[in-house]
Amino acid sequence: MTTGTIRTATDGPATRTLPFTVALPSSRVEVRGAAWVEETDRGALPHRLPAWTRAQLPDDFMALCDVQPAGARLRFRTAATRIALDVDVLRVAVDPQPPAAAQRWDVVVDGVLVDQAPGFGVAAEAGTVELDPLRGTTVEHPGRPTTVRFVLPIEPIDPIEPIDPDDHRDPDDHRDPGDRDPGDRDPGLPAAPRTVEVWLPYAETVRLRALSADAPVQPPRPLPSSTRRWVHHGSSISHGAAADRPTGTWVVTAARAAGVDLVNLGFSGNAVLDPFVARAIRDQRADVVTLKLGINVVNHDCFRRRTFAPAVHGFLDIIREGLPTTPVVVVSPLLCPLVEDTPGPTSIDPASPDGQPVFRTHGSPDEVADGKLTLQVIRDELARLVAARRAAGDDALHYVDGRELYGEDDAAALPMADLLHPDPPAHALIGERFARVLGAVLR
């Protein structure tokens with residue numbers, strides 16, 4: 001993976017007009033990592049869960065997670081060196097904290113991550129969503145539409161075979177034929193279109209309005225038939241919490257390192273074995289499924305030892321209805337000293353500084369004897385459960401202890417600033433380690 005080493009067209013005003021515009025949604029711009037795209041009066045809104053799940057979502061918090069585009073990206077081809085997205089963005093203010101800082105957007109050209117200069121790859125304006133995670137309620141305060149701009153490399157990254165610009169012509173597009181004539185290309189543009197991916201910020205609600213470029217936009221080529229599809233479900237750490245960019249979350253780091261096509265069903269605060277999530281996974285086309293379970297169960301204090309294992313069995317049974325032989329990896333929680341031996345519930349400490357939330361737990365170790373769950377109890381239960389199912393014949397089910405991804409030595413070297421979520425260097429470490437897990441399972 002290469003970042004920040006490619007020459008880009010940084011000359012010229014950032015606000016110059018780009019002549020080629022595609023209204024979104026469009027057949028020329030693929031949205032990967034989303035189950036569907038809802039057309040609203042403020043723009044096209046990607047959802048990570050199927051539309052039918054909306055009737056079963058328990059509250060506004062889960063509905064917010066559904067439309068936060070963790071792992072979602074736009075994919076298309078163009079010879080442009082500048083692109084811009086007209087969008088409507090909402091940032092979250094988690095009670096009692098102020099709105100989150102603006103998140104980065106990433107652009108990947110022919111598989112290479114291209115770092116952006118200041119002022120590029122970020123939404124300058126946004127509205128807010130006030131979230132009360134304990135009550136599961138949200139209140140939206142829309143802002144003004146804004147434009148996110150990107151600069152792409154001038155020179156080709158790898159030799160690319162030119163394609164006929166008339167291939168995949170969209171019959172609904174009414175453009176001057178000259179727009180598609182490669183002979184009209186600006187001499188400062190690359191000689192051929194490249195595959196461009198724009199990774200959306202993992203925790204901002206993004207409504208897509210239009211894509212503009214300084215060269216025509218074409219549909220992407222299909223992924224190679226050898227590309228494996230990875231469907232992952234997990235908690236806020238899988239969603240991306242505390243990562244510094246959308247391609248810097250541990251899940252995306254692992255996916256890019258392993259060369260797999262990602263569907264990320266990580267939901268902040270909401271990995272609690274909901275049956276509708278299991279059914280959404282069951283209905284996917286997947287070459288491997290991974291389930292990172294446990295931390296939200298403790299943080300919500302929503303199961304006891306008596307009910308936790310049967311709920312996991314039920315979740316796995318639903319997945320196996322549609323994916324009977326697909327490799328499934330159950331991943332227990334990373335090390336988290338806050339709740340290793342102390343039950344939840346957990347919440348943001350009201351005494352946290354603004355913009356620097358720190359979590360606290362309200363449980364007591366004495367309550368474990370009454371059936372309350374800690375991370376250590378959950379790891380024991382998951383290991384036992386997976387062993388029992390494998391002994392019963394499910395050889396495609398695997399178990400990974402989360403402390404192999406982030407353990408005591410890692411916590412000492414890369415501590416969690418908020419006591420609950422790994423910081424950016426730890427996300428990178430976890431992703432690199434999990435890429436090896438994916439490689440081993442897929443082999």
# chains A, B, ... in the order shown; residues from 1 in each chain; ligands from 1
call {"tool": "residues_around", "arguments": {"residues": "Gln356 (chain A)", "least_positions_apart": "2", "cutoff": "10 Å", "atoms": "only C-alpha atoms", "output": "ChimeraX atom specification"}}
result
/A:97-98,100,348,352-354,358,417-418
call {"tool": "write_last_selection", "arguments": {"atoms": "C-alpha atoms", "output": "tab-separated table (two decimals), in the first residue's frame"}}
result
chain	number	residue	atom	x	y	z
A	97	GLN	CA	-19.92	16.14	24.00
A	98	PRO	CA	-19.85	18.86	21.30
A	100	ALA	CA	-17.21	15.77	16.33
A	348	ILE	CA	-19.01	8.65	28.55
A	352	SER	CA	-14.58	14.40	30.18
A	353	PRO	CA	-13.01	17.46	28.52
A	354	ASP	CA	-14.88	18.80	25.49
A	358	VAL	CA	-13.31	9.22	28.28
A	417	ALA	CA	-6.85	7.40	24.96
A	418	ASP	CA	-10.56	7.16	25.75
call {"tool": "closest_atom_pairs", "arguments": {"of": "region 312-386 of chain A", "to": "region 224-239 of chain A", "cutoff": "10 Å", "atoms": "only C-alpha atoms", "output": "JSON lines"}}
result
{"residue": "A:Val328", "atom": "CA", "partner": "A:Val231", "partner_atom": "CA", "distance": 9.6}
{"residue": "A:Val329", "atom": "CA", "partner": "A:His232", "partner_atom": "CA", "distance": 9.4}
{"residue": "A:Val330", "atom": "CA", "partner": "A:His233", "partner_atom": "CA", "distance": 9.9}
{"residue": "A:Val331", "atom": "CA", "partner": "A:Gly234", "partner_atom": "CA", "distance": 9.1}
{"residue": "A:Pro333", "atom": "CA", "partner": "A:Ser235", "partner_atom": "CA", "distance": 9.7}
{"residue": "A:Leu334", "atom": "CA", "partner": "A:Ile237", "partner_atom": "CA", "distance": 9.5}
call {"tool": "residues_around", "arguments": {"residues": "Gln376 (chain A)", "least_positions_apart": "3", "cutoff": "12 Å", "atoms": "only C-alpha atoms", "output": "PDB file with all heavy atoms, in the first residue's frame"}}
result
ATOM      1  N   GLY A 294     -18.962  -9.051  21.515  1.00  0.00           N
ATOM      2  CA  GLY A 294     -18.774  -9.043  22.956  1.00  0.00           C
ATOM      3  C   GLY A 294     -18.705  -7.692  23.632  1.00  0.00           C
ATOM      4  O   GLY A 294     -19.321  -7.500  24.679  1.00  0.00           O
ATOM      5  N   ILE A 295     -17.960  -6.738  23.085  1.00  0.00           N
ATOM      6  CA  ILE A 295     -17.736  -5.497  23.824  1.00  0.00           C
ATOM      7  C   ILE A 295     -19.044  -4.724  24.018  1.00  0.00           C
ATOM      8  O   ILE A 295     -19.305  -4.199  25.106  1.00  0.00           O
ATOM      9  CB  ILE A 295     -16.663  -4.624  23.127  1.00  0.00           C
ATOM     10  CG1 ILE A 295     -16.331  -3.394  23.955  1.00  0.00           C
ATOM     11  CG2 ILE A 295     -17.095  -4.247  21.720  1.00  0.00           C
ATOM     12  CD1 ILE A 295     -15.550  -3.682  25.199  1.00  0.00           C
ATOM     13  N   VAL A 298     -21.257  -6.186  26.780  1.00  0.00           N
ATOM     14  CA  VAL A 298     -20.857  -5.746  28.119  1.00  0.00           C
ATOM     15  C   VAL A 298     -21.243  -4.290  28.335  1.00  0.00           C
ATOM     16  O   VAL A 298     -21.794  -3.919  29.383  1.00  0.00           O
ATOM     17  CB  VAL A 298     -19.342  -5.953  28.326  1.00  0.00           C
ATOM     18  CG1 VAL A 298     -18.879  -5.318  29.633  1.00  0.00           C
ATOM     19  CG2 VAL A 298     -19.003  -7.435  28.322  1.00  0.00           C
ATOM     20  N   ARG A 305     -24.896 -14.341  31.600  1.00  0.00           N
ATOM     21  CA  ARG A 305     -24.221 -15.574  31.196  1.00  0.00           C
ATOM     22  C   ARG A 305     -25.234 -16.597  30.694  1.00  0.00           C
ATOM     23  O   ARG A 305     -24.973 -17.328  29.724  1.00  0.00           O
ATOM     24  CB  ARG A 305     -23.420 -16.156  32.364  1.00  0.00           C
ATOM     25  CG  ARG A 305     -22.601 -17.388  31.975  1.00  0.00           C
ATOM     26  CD  ARG A 305     -21.999 -18.050  33.213  1.00  0.00           C
ATOM     27  NE  ARG A 305     -20.908 -17.285  33.772  1.00  0.00           N
ATOM     28  CZ  ARG A 305     -19.615 -17.466  33.468  1.00  0.00           C
ATOM     29  NH1 ARG A 305     -19.281 -18.380  32.571  1.00  0.00           N
ATOM     30  NH2 ARG A 305     -18.685 -16.750  34.041  1.00  0.00           N
ATOM     31  N   SER A 332     -13.315 -12.726  19.461  1.00  0.00           N
ATOM     32  CA  SER A 332     -13.672 -12.207  20.776  1.00  0.00           C
ATOM     33  C   SER A 332     -13.080 -10.810  20.964  1.00  0.00           C
ATOM     34  O   SER A 332     -12.269 -10.342  20.152  1.00  0.00           O
ATOM     35  CB  SER A 332     -13.186 -13.159  21.868  1.00  0.00           C
ATOM     36  OG  SER A 332     -11.774 -13.192  21.927  1.00  0.00           O
ATOM     37  N   PRO A 333     -13.433 -10.094  22.033  1.00  0.00           N
ATOM     38  CA  PRO A 333     -13.017  -8.703  22.182  1.00  0.00           C
ATOM     39  C   PRO A 333     -11.501  -8.519  22.297  1.00  0.00           C
ATOM     40  O   PRO A 333     -10.780  -9.358  22.850  1.00  0.00           O
ATOM     41  CB  PRO A 333     -13.712  -8.256  23.472  1.00  0.00           C
ATOM     42  CG  PRO A 333     -14.882  -9.168  23.617  1.00  0.00           C
ATOM     43  CD  PRO A 333     -14.418 -10.490  23.067  1.00  0.00           C
ATOM     44  N   LEU A 334     -11.042  -7.382  21.772  1.00  0.00           N
ATOM     45  CA  LEU A 334      -9.687  -6.931  22.036  1.00  0.00           C
ATOM     46  C   LEU A 334      -9.527  -6.708  23.537  1.00  0.00           C
ATOM     47  O   LEU A 334     -10.513  -6.588  24.272  1.00  0.00           O
ATOM     48  CB  LEU A 334      -9.417  -5.599  21.323  1.00  0.00           C
ATOM     49  CG  LEU A 334      -9.755  -5.473  19.835  1.00  0.00           C
ATOM     50  CD1 LEU A 334      -9.475  -4.046  19.375  1.00  0.00           C
ATOM     51  CD2 LEU A 334      -8.957  -6.463  19.013  1.00  0.00           C
ATOM     52  N   LEU A 335      -8.292  -6.625  23.973  1.00  0.00           N
ATOM     53  CA  LEU A 335      -8.071  -6.277  25.374  1.00  0.00           C
ATOM     54  C   LEU A 335      -8.616  -4.879  25.642  1.00  0.00           C
ATOM     55  O   LEU A 335      -8.347  -3.942  24.887  1.00  0.00           O
ATOM     56  CB  LEU A 335      -6.576  -6.300  25.697  1.00  0.00           C
ATOM     57  CG  LEU A 335      -6.258  -6.022  27.170  1.00  0.00           C
ATOM     58  CD1 LEU A 335      -6.420  -7.296  27.978  1.00  0.00           C
ATOM     59  CD2 LEU A 335      -4.865  -5.440  27.345  1.00  0.00           C
ATOM     60  N   CYS A 336      -9.386  -4.753  26.704  1.00  0.00           N
ATOM     61  CA  CYS A 336      -9.903  -3.449  27.140  1.00  0.00           C
ATOM     62  C   CYS A 336      -9.934  -3.463  28.666  1.00  0.00           C
ATOM     63  O   CYS A 336     -10.899  -3.968  29.261  1.00  0.00           O
ATOM     64  CB  CYS A 336     -11.292  -3.192  26.561  1.00  0.00           C
ATOM     65  SG  CYS A 336     -11.961  -1.568  26.990  1.00  0.00           S
ATOM     66  N   PRO A 337      -8.887  -2.952  29.320  1.00  0.00           N
ATOM     67  CA  PRO A 337      -8.795  -3.061  30.781  1.00  0.00           C
ATOM     68  C   PRO A 337     -10.016  -2.534  31.522  1.00  0.00           C
ATOM     69  O   PRO A 337     -10.336  -3.028  32.615  1.00  0.00           O
ATOM     70  CB  PRO A 337      -7.541  -2.229  31.101  1.00  0.00           C
ATOM     71  CG  PRO A 337      -6.692  -2.351  29.875  1.00  0.00           C
ATOM     72  CD  PRO A 337      -7.675  -2.350  28.736  1.00  0.00           C
ATOM     73  N   LEU A 338     -10.718  -1.571  30.948  1.00  0.00           N
ATOM     74  CA  LEU A 338     -11.872  -0.986  31.627  1.00  0.00           C
ATOM     75  C   LEU A 338     -12.910  -2.028  31.995  1.00  0.00           C
ATOM     76  O   LEU A 338     -13.525  -1.951  33.074  1.00  0.00           O
ATOM     77  CB  LEU A 338     -12.490   0.087  30.721  1.00  0.00           C
ATOM     78  CG  LEU A 338     -13.695   0.850  31.268  1.00  0.00           C
ATOM     79  CD1 LEU A 338     -13.283   1.727  32.449  1.00  0.00           C
ATOM     80  CD2 LEU A 338     -14.328   1.698  30.176  1.00  0.00           C
ATOM     81  N   VAL A 339     -13.125  -3.020  31.102  1.00  0.00           N
ATOM     82  CA  VAL A 339     -14.192  -3.997  31.334  1.00  0.00           C
ATOM     83  C   VAL A 339     -13.680  -5.434  31.219  1.00  0.00           C
ATOM     84  O   VAL A 339     -14.465  -6.351  30.991  1.00  0.00           O
ATOM     85  CB  VAL A 339     -15.381  -3.760  30.362  1.00  0.00           C
ATOM     86  CG1 VAL A 339     -16.200  -2.569  30.797  1.00  0.00           C
ATOM     87  CG2 VAL A 339     -14.906  -3.580  28.930  1.00  0.00           C
ATOM     88  N   GLU A 340     -12.384  -5.639  31.393  1.00  0.00           N
ATOM     89  CA  GLU A 340     -11.852  -7.007  31.372  1.00  0.00           C
ATOM     90  C   GLU A 340     -12.487  -7.853  32.468  1.00  0.00           C
ATOM     91  O   GLU A 340     -12.929  -8.978  32.220  1.00  0.00           O
ATOM     92  CB  GLU A 340     -10.332  -6.994  31.531  1.00  0.00           C
ATOM     93  CG  GLU A 340      -9.576  -6.667  30.277  1.00  0.00           C
ATOM     94  CD  GLU A 340      -9.732  -7.728  29.199  1.00  0.00           C
ATOM     95  OE1 GLU A 340      -9.714  -8.929  29.522  1.00  0.00           O
ATOM     96  OE2 GLU A 340      -9.907  -7.345  28.024  1.00  0.00           O
ATOM     97  N   ASP A 341     -12.517  -7.330  33.674  1.00  0.00           N
ATOM     98  CA  ASP A 341     -13.022  -8.080  34.827  1.00  0.00           C
ATOM     99  C   ASP A 341     -14.126  -7.344  35.557  1.00  0.00           C
ATOM    100  O   ASP A 341     -14.554  -7.777  36.629  1.00  0.00           O
ATOM    101  CB  ASP A 341     -11.878  -8.382  35.794  1.00  0.00           C
ATOM    102  CG  ASP A 341     -10.770  -9.182  35.133  1.00  0.00           C
ATOM    103  OD1 ASP A 341     -11.053 -10.293  34.652  1.00  0.00           O
ATOM    104  OD2 ASP A 341      -9.633  -8.679  35.063  1.00  0.00           O
ATOM    105  N   THR A 342     -14.583  -6.228  34.971  1.00  0.00           N
ATOM    106  CA  THR A 342     -15.645  -5.425  35.584  1.00  0.00           C
ATOM    107  C   THR A 342     -16.796  -5.316  34.596  1.00  0.00           C
ATOM    108  O   THR A 342     -16.591  -4.913  33.442  1.00  0.00           O
ATOM    109  CB  THR A 342     -15.133  -4.021  35.938  1.00  0.00           C
ATOM    110  OG1 THR A 342     -14.010  -4.126  36.808  1.00  0.00           O
ATOM    111  CG2 THR A 342     -16.226  -3.198  36.615  1.00  0.00           C
ATOM    112  N   PRO A 343     -18.026  -5.657  34.993  1.00  0.00           N
ATOM    113  CA  PRO A 343     -19.159  -5.590  34.058  1.00  0.00           C
ATOM    114  C   PRO A 343     -19.538  -4.148  33.725  1.00  0.00           C
ATOM    115  O   PRO A 343     -19.116  -3.202  34.398  1.00  0.00           O
ATOM    116  CB  PRO A 343     -20.294  -6.285  34.818  1.00  0.00           C
ATOM    117  CG  PRO A 343     -19.656  -6.970  35.973  1.00  0.00           C
ATOM    118  CD  PRO A 343     -18.424  -6.199  36.290  1.00  0.00           C
ATOM    119  N   PRO A 365     -17.014  -5.832  39.985  1.00  0.00           N
ATOM    120  CA  PRO A 365     -16.575  -7.223  39.798  1.00  0.00           C
ATOM    121  C   PRO A 365     -17.393  -8.224  40.604  1.00  0.00           C
ATOM    122  O   PRO A 365     -17.528  -9.387  40.211  1.00  0.00           O
ATOM    123  CB  PRO A 365     -15.108  -7.187  40.253  1.00  0.00           C
ATOM    124  CG  PRO A 365     -14.678  -5.773  40.038  1.00  0.00           C
ATOM    125  CD  PRO A 365     -15.898  -4.935  40.347  1.00  0.00           C
ATOM    126  N   VAL A 368     -20.224 -10.348  38.814  1.00  0.00           N
ATOM    127  CA  VAL A 368     -19.975 -11.483  37.919  1.00  0.00           C
ATOM    128  C   VAL A 368     -20.569 -12.759  38.505  1.00  0.00           C
ATOM    129  O   VAL A 368     -21.097 -13.617  37.776  1.00  0.00           O
ATOM    130  CB  VAL A 368     -18.466 -11.646  37.663  1.00  0.00           C
ATOM    131  CG1 VAL A 368     -18.193 -12.897  36.826  1.00  0.00           C
ATOM    132  CG2 VAL A 368     -17.910 -10.410  36.964  1.00  0.00           C
ATOM    133  N   LYS A 372     -23.470 -11.466  35.556  1.00  0.00           N
ATOM    134  CA  LYS A 372     -23.145 -10.364  34.666  1.00  0.00           C
ATOM    135  C   LYS A 372     -21.870 -10.705  33.878  1.00  0.00           C
ATOM    136  O   LYS A 372     -21.046 -11.510  34.313  1.00  0.00           O
ATOM    137  CB  LYS A 372     -22.980  -9.059  35.438  1.00  0.00           C
ATOM    138  CG  LYS A 372     -24.289  -8.542  36.030  1.00  0.00           C
ATOM    139  CD  LYS A 372     -24.164  -7.144  36.597  1.00  0.00           C
ATOM    140  CE  LYS A 372     -24.085  -6.100  35.524  1.00  0.00           C
ATOM    141  NZ  LYS A 372     -24.182  -4.709  36.059  1.00  0.00           N
ATOM    142  N   LEU A 373     -21.734 -10.061  32.735  1.00  0.00           N
ATOM    143  CA  LEU A 373     -20.676 -10.419  31.795  1.00  0.00           C
ATOM    144  C   LEU A 373     -19.527  -9.412  31.809  1.00  0.00           C
ATOM    145  O   LEU A 373     -19.747  -8.202  31.909  1.00  0.00           O
ATOM    146  CB  LEU A 373     -21.240 -10.503  30.371  1.00  0.00           C
ATOM    147  CG  LEU A 373     -22.305 -11.572  30.138  1.00  0.00           C
ATOM    148  CD1 LEU A 373     -22.908 -11.418  28.746  1.00  0.00           C
ATOM    149  CD2 LEU A 373     -21.712 -12.960  30.313  1.00  0.00           C
ATOM    150  N   ARG A 379     -15.033 -14.118  26.413  1.00  0.00           N
ATOM    151  CA  ARG A 379     -14.038 -14.908  25.668  1.00  0.00           C
ATOM    152  C   ARG A 379     -14.155 -16.386  26.000  1.00  0.00           C
ATOM    153  O   ARG A 379     -14.078 -17.247  25.104  1.00  0.00           O
ATOM    154  CB  ARG A 379     -12.632 -14.406  25.974  1.00  0.00           C
ATOM    155  CG  ARG A 379     -12.321 -13.044  25.387  1.00  0.00           C
ATOM    156  CD  ARG A 379     -10.833 -12.721  25.451  1.00  0.00           C
ATOM    157  NE  ARG A 379     -10.645 -11.286  25.286  1.00  0.00           N
ATOM    158  CZ  ARG A 379     -10.484 -10.426  26.270  1.00  0.00           C
ATOM    159  NH1 ARG A 379     -10.466 -10.870  27.533  1.00  0.00           N
ATOM    160  NH2 ARG A 379     -10.341  -9.148  26.034  1.00  0.00           N
ATOM    161  N   ASP A 380     -14.343 -16.701  27.262  1.00  0.00           N
ATOM    162  CA  ASP A 380     -14.491 -18.111  27.652  1.00  0.00           C
ATOM    163  C   ASP A 380     -15.722 -18.725  26.993  1.00  0.00           C
ATOM    164  O   ASP A 380     -15.664 -19.861  26.476  1.00  0.00           O
ATOM    165  CB  ASP A 380     -14.595 -18.233  29.175  1.00  0.00           C
ATOM    166  CG  ASP A 380     -13.303 -17.877  29.890  1.00  0.00           C
ATOM    167  OD1 ASP A 380     -12.239 -17.846  29.226  1.00  0.00           O
ATOM    168  OD2 ASP A 380     -13.362 -17.605  31.108  1.00  0.00           O
ATOM    169  N   GLU A 381     -16.828 -17.987  26.986  1.00  0.00           N
ATOM    170  CA  GLU A 381     -18.060 -18.497  26.406  1.00  0.00           C
ATOM    171  C   GLU A 381     -17.923 -18.686  24.892  1.00  0.00           C
ATOM    172  O   GLU A 381     -18.363 -19.710  24.344  1.00  0.00           O
ATOM    173  CB  GLU A 381     -19.219 -17.545  26.714  1.00  0.00           C
ATOM    174  CG  GLU A 381     -19.666 -17.551  28.168  1.00  0.00           C
ATOM    175  CD  GLU A 381     -20.298 -18.863  28.567  1.00  0.00           C
ATOM    176  OE1 GLU A 381     -21.248 -19.302  27.892  1.00  0.00           O
ATOM    177  OE2 GLU A 381     -19.825 -19.487  29.537  1.00  0.00           O
ATOM    178  N   LEU A 382     -17.327 -17.730  24.205  1.00  0.00           N
ATOM    179  CA  LEU A 382     -17.192 -17.832  22.755  1.00  0.00           C
ATOM    180  C   LEU A 382     -16.257 -18.978  22.364  1.00  0.00           C
ATOM    181  O   LEU A 382     -16.533 -19.721  21.416  1.00  0.00           O
ATOM    182  CB  LEU A 382     -16.683 -16.508  22.175  1.00  0.00           C
ATOM    183  CG  LEU A 382     -17.663 -15.332  22.193  1.00  0.00           C
ATOM    184  CD1 LEU A 382     -16.984 -14.077  21.662  1.00  0.00           C
ATOM    185  CD2 LEU A 382     -18.919 -15.640  21.386  1.00  0.00           C
ATOM    186  N   ALA A 383     -15.154 -19.120  23.068  1.00  0.00           N
ATOM    187  CA  ALA A 383     -14.219 -20.213  22.760  1.00  0.00           C
ATOM    188  C   ALA A 383     -14.893 -21.563  22.952  1.00  0.00           C
ATOM    189  O   ALA A 383     -14.751 -22.478  22.125  1.00  0.00           O
ATOM    190  CB  ALA A 383     -12.974 -20.099  23.633  1.00  0.00           C
ATOM    191  N   ASP A 401      -9.007 -15.255  19.336  1.00  0.00           N
ATOM    192  CA  ASP A 401      -8.989 -14.490  20.582  1.00  0.00           C
ATOM    193  C   ASP A 401      -8.568 -13.063  20.240  1.00  0.00           C
ATOM    194  O   ASP A 401      -7.491 -12.833  19.676  1.00  0.00           O
ATOM    195  CB  ASP A 401      -8.007 -15.123  21.566  1.00  0.00           C
ATOM    196  CG  ASP A 401      -8.074 -14.500  22.959  1.00  0.00           C
ATOM    197  OD1 ASP A 401      -8.183 -13.257  23.059  1.00  0.00           O
ATOM    198  OD2 ASP A 401      -7.980 -15.260  23.948  1.00  0.00           O
ATOM    199  N   GLY A 402      -9.413 -12.071  20.555  1.00  0.00           N
ATOM    200  CA  GLY A 402      -9.123 -10.692  20.197  1.00  0.00           C
ATOM    201  C   GLY A 402      -7.835 -10.158  20.776  1.00  0.00           C
ATOM    202  O   GLY A 402      -7.259  -9.194  20.252  1.00  0.00           O
ATOM    203  N   ARG A 403      -7.332 -10.783  21.841  1.00  0.00           N
ATOM    204  CA  ARG A 403      -6.068 -10.316  22.421  1.00  0.00           C
ATOM    205  C   ARG A 403      -4.873 -10.657  21.542  1.00  0.00           C
ATOM    206  O   ARG A 403      -3.790 -10.104  21.741  1.00  0.00           O
ATOM    207  CB  ARG A 403      -5.904 -10.919  23.819  1.00  0.00           C
ATOM    208  CG  ARG A 403      -6.937 -10.401  24.827  1.00  0.00           C
ATOM    209  CD  ARG A 403      -6.919 -11.174  26.109  1.00  0.00           C
ATOM    210  NE  ARG A 403      -7.263 -12.578  25.896  1.00  0.00           N
ATOM    211  CZ  ARG A 403      -7.382 -13.475  26.864  1.00  0.00           C
ATOM    212  NH1 ARG A 403      -7.201 -13.099  28.128  1.00  0.00           N
ATOM    213  NH2 ARG A 403      -7.697 -14.734  26.593  1.00  0.00           N
TER     214      ARG A 403
END
call {"tool": "residues_around", "arguments": {"residues": "region 217-221 of chain A", "least_positions_apart": "3", "cutoff": "7 Å", "atoms": "only C-alpha atoms", "output": "mmCIF file with all heavy atoms, in the first residue's frame"}}
result
data_model
loop_
_atom_site.group_PDB
_atom_site.id
_atom_site.type_symbol
_atom_site.label_atom_id
_atom_site.label_comp_id
_atom_site.auth_asym_id
_atom_site.auth_seq_id
_atom_site.Cartn_x
_atom_site.Cartn_y
_atom_site.Cartn_z
ATOM 1 N N SER A 27 -25.552 5.466 -12.942
ATOM 2 C CA SER A 27 -24.989 4.173 -13.320
ATOM 3 C C SER A 27 -23.492 4.270 -13.585
ATOM 4 O O SER A 27 -22.818 3.246 -13.669
ATOM 5 C CB SER A 27 -25.711 3.639 -14.564
ATOM 6 O OG SER A 27 -25.554 4.540 -15.649
ATOM 7 N N ARG A 28 -22.978 5.491 -13.713
ATOM 8 C CA ARG A 28 -21.550 5.646 -13.947
ATOM 9 C C ARG A 28 -20.731 5.679 -12.657
ATOM 10 O O ARG A 28 -19.498 5.672 -12.712
ATOM 11 C CB ARG A 28 -21.286 6.923 -14.754
ATOM 12 C CG ARG A 28 -21.631 6.775 -16.227
ATOM 13 C CD ARG A 28 -21.158 7.971 -17.001
ATOM 14 N NE ARG A 28 -22.127 9.046 -16.975
ATOM 15 C CZ ARG A 28 -21.873 10.296 -17.332
ATOM 16 N NH1 ARG A 28 -20.653 10.625 -17.705
ATOM 17 N NH2 ARG A 28 -22.807 11.213 -17.301
ATOM 18 N N VAL A 29 -21.396 5.746 -11.521
ATOM 19 C CA VAL A 29 -20.706 5.806 -10.233
ATOM 20 C C VAL A 29 -21.263 4.705 -9.348
ATOM 21 O O VAL A 29 -22.411 4.763 -8.897
ATOM 22 C CB VAL A 29 -20.880 7.178 -9.571
ATOM 23 C CG1 VAL A 29 -20.144 7.210 -8.225
ATOM 24 C CG2 VAL A 29 -20.360 8.293 -10.481
ATOM 25 N N ARG A 75 -17.014 4.293 -6.717
ATOM 26 C CA ARG A 75 -16.036 3.691 -7.625
ATOM 27 C C ARG A 75 -16.427 4.047 -9.058
ATOM 28 O O ARG A 75 -17.568 3.860 -9.472
ATOM 29 C CB ARG A 75 -16.008 2.176 -7.412
ATOM 30 C CG ARG A 75 -14.933 1.426 -8.167
ATOM 31 C CD ARG A 75 -14.831 -0.023 -7.648
ATOM 32 N NE ARG A 75 -13.861 -0.783 -8.423
ATOM 33 C CZ ARG A 75 -14.178 -1.539 -9.473
ATOM 34 N NH1 ARG A 75 -15.434 -1.640 -9.866
ATOM 35 N NH2 ARG A 75 -13.236 -2.198 -10.118
ATOM 36 N N PHE A 76 -15.445 4.557 -9.819
ATOM 37 C CA PHE A 76 -15.683 4.960 -11.204
ATOM 38 C C PHE A 76 -14.335 5.059 -11.903
ATOM 39 O O PHE A 76 -13.283 4.839 -11.297
ATOM 40 C CB PHE A 76 -16.436 6.304 -11.260
ATOM 41 C CG PHE A 76 -15.802 7.396 -10.431
ATOM 42 C CD1 PHE A 76 -14.895 8.283 -10.988
ATOM 43 C CD2 PHE A 76 -16.119 7.535 -9.083
ATOM 44 C CE1 PHE A 76 -14.308 9.282 -10.231
ATOM 45 C CE2 PHE A 76 -15.531 8.533 -8.305
ATOM 46 C CZ PHE A 76 -14.628 9.403 -8.891
ATOM 47 N N ARG A 77 -14.377 5.385 -13.196
ATOM 48 C CA ARG A 77 -13.143 5.565 -13.963
ATOM 49 C C ARG A 77 -13.129 6.954 -14.567
ATOM 50 O O ARG A 77 -14.149 7.466 -15.014
ATOM 51 C CB ARG A 77 -13.033 4.509 -15.073
ATOM 52 C CG ARG A 77 -12.671 3.128 -14.559
ATOM 53 C CD ARG A 77 -12.614 2.088 -15.666
ATOM 54 N NE ARG A 77 -11.582 2.378 -16.656
ATOM 55 C CZ ARG A 77 -10.287 2.147 -16.476
ATOM 56 N NH1 ARG A 77 -9.851 1.647 -15.330
ATOM 57 N NH2 ARG A 77 -9.419 2.414 -17.430
ATOM 58 N N THR A 78 -11.949 7.567 -14.562
ATOM 59 C CA THR A 78 -11.787 8.881 -15.160
ATOM 60 C C THR A 78 -10.304 9.165 -15.359
ATOM 61 O O THR A 78 -9.457 8.597 -14.657
ATOM 62 C CB THR A 78 -12.414 9.983 -14.276
ATOM 63 O OG1 THR A 78 -12.315 11.238 -14.944
ATOM 64 C CG2 THR A 78 -11.711 10.079 -12.929
ATOM 65 N N HIS A 168 -20.069 1.187 -22.303
ATOM 66 C CA HIS A 168 -20.964 1.368 -21.155
ATOM 67 C C HIS A 168 -21.678 2.711 -21.199
ATOM 68 O O HIS A 168 -22.000 3.277 -20.168
ATOM 69 C CB HIS A 168 -20.199 1.247 -19.829
ATOM 70 C CG HIS A 168 -19.321 0.049 -19.743
ATOM 71 N ND1 HIS A 168 -19.807 -1.237 -19.771
ATOM 72 C CD2 HIS A 168 -17.969 -0.070 -19.658
ATOM 73 C CE1 HIS A 168 -18.802 -2.090 -19.688
ATOM 74 N NE2 HIS A 168 -17.683 -1.408 -19.628
ATOM 75 N N THR A 195 -9.022 3.768 -12.413
ATOM 76 C CA THR A 195 -10.080 3.429 -11.462
ATOM 77 C C THR A 195 -9.906 4.283 -10.213
ATOM 78 O O THR A 195 -8.843 4.277 -9.588
ATOM 79 C CB THR A 195 -10.034 1.944 -11.099
ATOM 80 O OG1 THR A 195 -10.267 1.169 -12.276
ATOM 81 C CG2 THR A 195 -11.101 1.615 -10.062
#
call {"tool": "select_by_dssp", "arguments": {"residues": "region 235-358 of chain A", "states": "alpha helix (DSSP H)", "output": "PyMOL selection string"}}
result
chain A and resi 236-239+250-258+275-282+295-300+305-322
